[in-house]
Number of protein chains: 4
Amino acid sequence: MSHSTTTSERLAAFSDGVFAVIITIMVLDLKPPAEPTLHALLPLWPTALSYAVSYLFIAIIWVNHHHLMRFAPVATTRLIWWNFAHLFMVSWVPATTSWIASSRLAAAPMFVYALVFVFVEIAYLAFERTVLLQARDRDFAPGLRKIAKFRSWLGLGLFGMAAVVSFWAPYVGFALVCCVLLIYLSPRLPNLLNSGA
Amino acid sequence: MSHSTTTSERLAAFSDGVFAVIITIMVLDLKPPAEPTLHALLPLWPTALSYAVSYLFIAIIWVNHHHLMRFAPVATTRLIWWNFAHLFMVSWVPATTSWIASSRLAAAPMFVYALVFVFVEIAYLAFERTVLLQARDRDFAPGLRKIAKFRSWLGLGLFGMAAVVSFWAPYVGFALVCCVLLIYLSPRLPNLLNSGA
Amino acid sequence: MSHSTTTSERLAAFSDGVFAVIITIMVLDLKPPAEPTLHALLPLWPTALSYAVSYLFIAIIWVNHHHLMRFAPVATTRLIWWNFAHLFMVSWVPATTSWIASSRLAAAPMFVYALVFVFVEIAYLAFERTVLLQARDRDFAPGLRKIAKFRSWLGLGLFGMAAVVSFWAPYVGFALVCCVLLIYLSPRLPNLLNSGA
Amino acid sequence: MSHSTTTSERLAAFSDGVFAVIITIMVLDLKPPAEPTLHALLPLWPTALSYAVSYLFIAIIWVNHHHLMRFAPVATTRLIWWNFAHLFMVSWVPATTSWIASSRLAAAPMFVYALVFVFVEIAYLAFERTVLLQARDRDFAPGLRKIAKFRSWLGLGLFGMAAVVSFWAPYVGFALVCCVLLIYLSPRLPNLLNSGA
């Protein structure tokens, strides 16, 4: 009987491994300049900036993933596959980061970059819903669920807006993406808002 | 006495690490186009498609590996070496994926790609057999064993067929590989079939 | 209630994954020479030397990180984010290592290399402070805290000095960095000093 | 008090991460040929062969490392540093593997390849000695210790011989390395020999 269900621990550990490789594989794009002068570093600012933003994004995803996983003790088939879908979307971050860096934040690459964030968010929403099916009301009060969902949908809308805006004003789109990230910095924000109410 | 046998936990954790690196190392092949236009993305469809299929394949392998490992509490020498053989075969997936992508699904690369799947399947069959030696009948009923084995041999046959077909019609071979993957999506399919009987 | 706090175990495991990838990703820079002669290996000494020093640095960081984490049973939001800041700084080590190697320890790259060490140290100081907030006095006596802090500030000062010196004498700056590393070899040095007092 | 010693679990997990990355990073050298024909695969045999041998070598190292770690419950400073030295030596395997592949098993690269094996073995000997200091006689009988040590010294001697031989006959050196690997296939060989006596 104990074998008919699986704990989610190995799933969490495997996801951690994938996150760890994705976040550090972007480092391979940080190529040092050919000339050994500080001046040669200046044209590399798009690489450094986009690396920093993507790093922050993946760190935020990890924090939220880590926070959610605690409410899902069982690794159901559905949870496993939404988790893989989520990781698949995240795995496009390094390539698109590299594209906005090499094109110096041009319109089309910025649009695709924001689009990847939209898909990561969609997969996260489905993942979150699957996890919350397992979470008991005692752990995750209905009020909290509402706030958590609201935040996810808000993020999705803003990332979508960033994608559209990027076509005309890629810098504004990039700034918008950065703003959305700030909403996600703490996974416990909903708790705080709720306990304050 | 407790030292004469080893639990399979560290073996599972190490395998997870290897799977995590293999699945994300393929990301390095997702090179952004030189031109910052959406149009420049179109010729990259073989890369994106083959990445998606290989990702799905490795995800399926992980799910089945994860499912099997629960029945093998002890890391015997035989289990360790069949596990390494299995991982070795899986490690050829990124290179062959890259080859079918760069050759845009040509005949020879497609043949080698399907051949790697055949070898992964053979190593998996031996790995499965070793695990089932440890599993007690209470956990894994004889009826289940038969169905699990039937599925593995079916998969092996179909992958082999895909390899042969690829020589004349690489696109058909690729489609065949995708079909076989669908049979493996749930590691618990045999259980469901059996409990329904 | 048990869900309102998180143990720091998964944070430690994730950090280990990132450290493991960073320390081995530098291996990709160890390109074999084109000619198959021992003589062809000679010009590669800056690569080998800088790899060895960076490997030692990251090993030391891991040892100290590992040592500190034991005193922080709870993964607070603040701890998580200082940990990510720390890992972010460490993630610049491979790129700067590659730069000092390719420029054969030139002034500007050496300055940036030492600067990365300064930032790693700053993030570590903040991380250490956050951990020590959780540590009880029984585990970490006030005397020990003082010595640990003193060592961290000393390291910070010396790394800063190495950065400045590198501008005029990059080899001296490099030697200075190596010297600072020796102070950090054992995370338990403060304990030893204290218990000896 | 419980904080004054550290269990070796996190050290083992971190080492597993490094092993997993090193064993899969070699995959990046498996570049597909430019032409989409089976014939184009033939000149790649040195790459495939050296990858297979290096994979087997690292698998063997992992198995022996895994076997030894069970006897060392405490991560002492000495154990940590010999472990890092061991991993450092192993981290040179991918680069030298790449060199013997690109030079098609030429004399100098083969010599360096065998030399890396010698250094891995030396670090392993020191690591083994440190572990056995912790192991109680009940777990590791004196007879076993003698056999384990004999095997390690034999391996060291044969790897050294392979290095020297490679200068005149690189293929013979390579064959010798392969032979030594066979002695290490089972970490429990000493146990078997002893229990048979």
# chains A, B, ... in the order shown; residues from 1 in each chain; ligands from 1
$ select_by_dssp --residues "chain A" --states "helix (DSSP H, G or I)" --output "ChimeraX atom specification"
/A:9-29,38-69,77-90,93-102,107-134,142-168,170-183,189-196
$ residues_around --residues "Phe174 of chain D" --least-positions-apart "4" --cutoff "12 Å" --atoms "only C-alpha atoms" --output "number ranges by chain"
D: 46, 49-50, 53-54, 97, 100-101, 104-107, 109-115, 117, 158-170, 178-181
$ closest_atom_pairs --of "chain D" --to "chain C" --cutoff "9 Å" --atoms "only C-alpha atoms" --output "CSV"
residue,atom,partner,partner_atom,distance
D:Met1,CA,C:Asp139,CA,7.8
D:His3,CA,C:Asp139,CA,7.0
D:Ser4,CA,C:Asp139,CA,8.5
D:Thr6,CA,C:His67,CA,8.4
D:Arg10,CA,C:Ala13,CA,7.8
D:Leu11,CA,C:His66,CA,8.8
D:Ala13,CA,C:Asp16,CA,7.9
D:Phe14,CA,C:Asp16,CA,5.6
D:Ser15,CA,C:Ala20,CA,7.8
D:Asp16,CA,C:Ala20,CA,8.7
D:Gly17,CA,C:Ala20,CA,5.5
D:Val18,CA,C:Ala20,CA,4.9
D:Phe19,CA,C:Ala20,CA,8.6
D:Ala20,CA,C:Ala20,CA,8.9
D:Val21,CA,C:Val21,CA,6.4
D:Ile22,CA,C:Thr24,CA,6.5
D:Ile25,CA,C:Leu28,CA,8.0
D:Thr77,CA,C:Ser186,CA,7.1
D:Ile80,CA,C:Val63,CA,8.0
D:Trp81,CA,C:Ala59,CA,8.6
D:Phe84,CA,C:Ala59,CA,7.1
D:Phe88,CA,C:Tyr55,CA,7.7
D:Ser91,CA,C:Val27,CA,6.7
D:Trp92,CA,C:Val27,CA,7.3
D:Pro94,CA,C:Val27,CA,7.7
D:Ala95,CA,C:Leu30,CA,5.9
D:Thr96,CA,C:Pro32,CA,6.9
D:Ser98,CA,C:Pro32,CA,6.9
D:Trp99,CA,C:Pro32,CA,5.3
D:Ile100,CA,C:Pro36,CA,8.3
D:Ser102,CA,C:Ala34,CA,8.2
D:Ser103,CA,C:Pro36,CA,6.0
D:Ala106,CA,C:Pro36,CA,6.4
D:Ala107,CA,C:Pro36,CA,7.5
D:Ala108,CA,C:Thr37,CA,5.2
D:Pro109,CA,C:Pro36,CA,6.0
D:Val112,CA,C:Leu38,CA,8.3
$ closest_residue --among "D:Trp153, D:Tyr171, D:Trp45, D:Tyr124" --to "Ala85 of chain D" --atoms "only C-alpha atoms"
D:Tyr124
$ residues_around --residues "Leu133 of chain C" --least-positions-apart "3" --cutoff "12 Å" --atoms "only C-alpha atoms" --output "NGL selection string"
:C and (68 or 71-74 or 76 or 78-79 or 126-130 or 136-137 or 139-140 or 145)
$ write_last_selection --atoms "N, CA and C atoms" --output "short mmCIF file (atom, residue, chain, number, x, y, z; two decimals), in the first residue's frame"
data_model
loop_
_atom_site.label_atom_id
_atom_site.label_comp_id
_atom_site.auth_asym_id
_atom_site.auth_seq_id
_atom_site.Cartn_x
_atom_site.Cartn_y
_atom_site.Cartn_z
N LEU C 68 28.25 27.20 8.08
CA LEU C 68 27.29 28.18 8.58
C LEU C 68 25.86 27.63 8.59
N PHE C 71 23.92 26.20 11.47
CA PHE C 71 23.40 27.02 12.56
C PHE C 71 22.08 27.68 12.20
N ALA C 72 21.63 27.50 10.96
CA ALA C 72 20.37 28.12 10.52
C ALA C 72 19.36 27.04 10.18
N PRO C 73 18.60 26.57 11.18
CA PRO C 73 17.65 25.50 10.87
C PRO C 73 16.46 25.97 10.03
N VAL C 74 16.16 27.27 10.06
CA VAL C 74 14.97 27.76 9.36
C VAL C 74 15.36 28.60 8.14
N THR C 76 14.45 31.37 6.38
CA THR C 76 13.64 32.60 6.34
C THR C 76 13.79 33.26 4.98
N ARG C 78 14.63 36.24 4.36
CA ARG C 78 15.88 37.01 4.33
C ARG C 78 17.08 36.12 4.06
N LEU C 79 17.11 34.94 4.71
CA LEU C 79 18.21 34.00 4.51
C LEU C 79 18.25 33.53 3.06
N ALA C 126 26.86 39.47 4.83
CA ALA C 126 25.43 39.66 5.09
C ALA C 126 24.76 38.32 5.36
N PHE C 127 25.16 37.30 4.61
CA PHE C 127 24.62 35.95 4.80
C PHE C 127 24.96 35.44 6.20
N GLU C 128 26.22 35.65 6.59
CA GLU C 128 26.69 35.21 7.90
C GLU C 128 25.90 35.88 9.02
N ARG C 129 25.69 37.19 8.87
CA ARG C 129 24.95 37.95 9.86
C ARG C 129 23.52 37.40 10.01
N THR C 130 22.89 37.08 8.86
CA THR C 130 21.53 36.55 8.89
C THR C 130 21.48 35.19 9.57
N ARG C 136 21.83 30.08 18.32
CA ARG C 136 21.74 30.36 19.74
C ARG C 136 23.15 30.55 20.31
N ASP C 137 23.22 31.28 21.43
CA ASP C 137 24.52 31.55 22.03
C ASP C 137 25.24 30.28 22.45
N ASP C 139 25.40 27.53 20.81
CA ASP C 139 26.09 26.96 19.67
C ASP C 139 27.25 27.84 19.19
N PHE C 140 27.03 29.13 19.34
CA PHE C 140 27.99 30.06 18.78
C PHE C 140 28.25 31.13 19.83
N ARG C 145 31.75 34.57 17.76
CA ARG C 145 31.15 35.50 16.81
C ARG C 145 32.12 36.63 16.47
#
$ residues_around --residues "Met89 of chain C" --least-positions-apart "3" --cutoff "8 Å" --atoms "only C-alpha atoms" --output "list in words"
Ala85, His86, Trp92, Val93, Val116, Phe119, Val120 and Ala123 of chain C
$ atom_distance --atom1 "atom CA of Val131 of chain A" --atom2 "atom CA of Asn83 of chain A"
10.1 Å
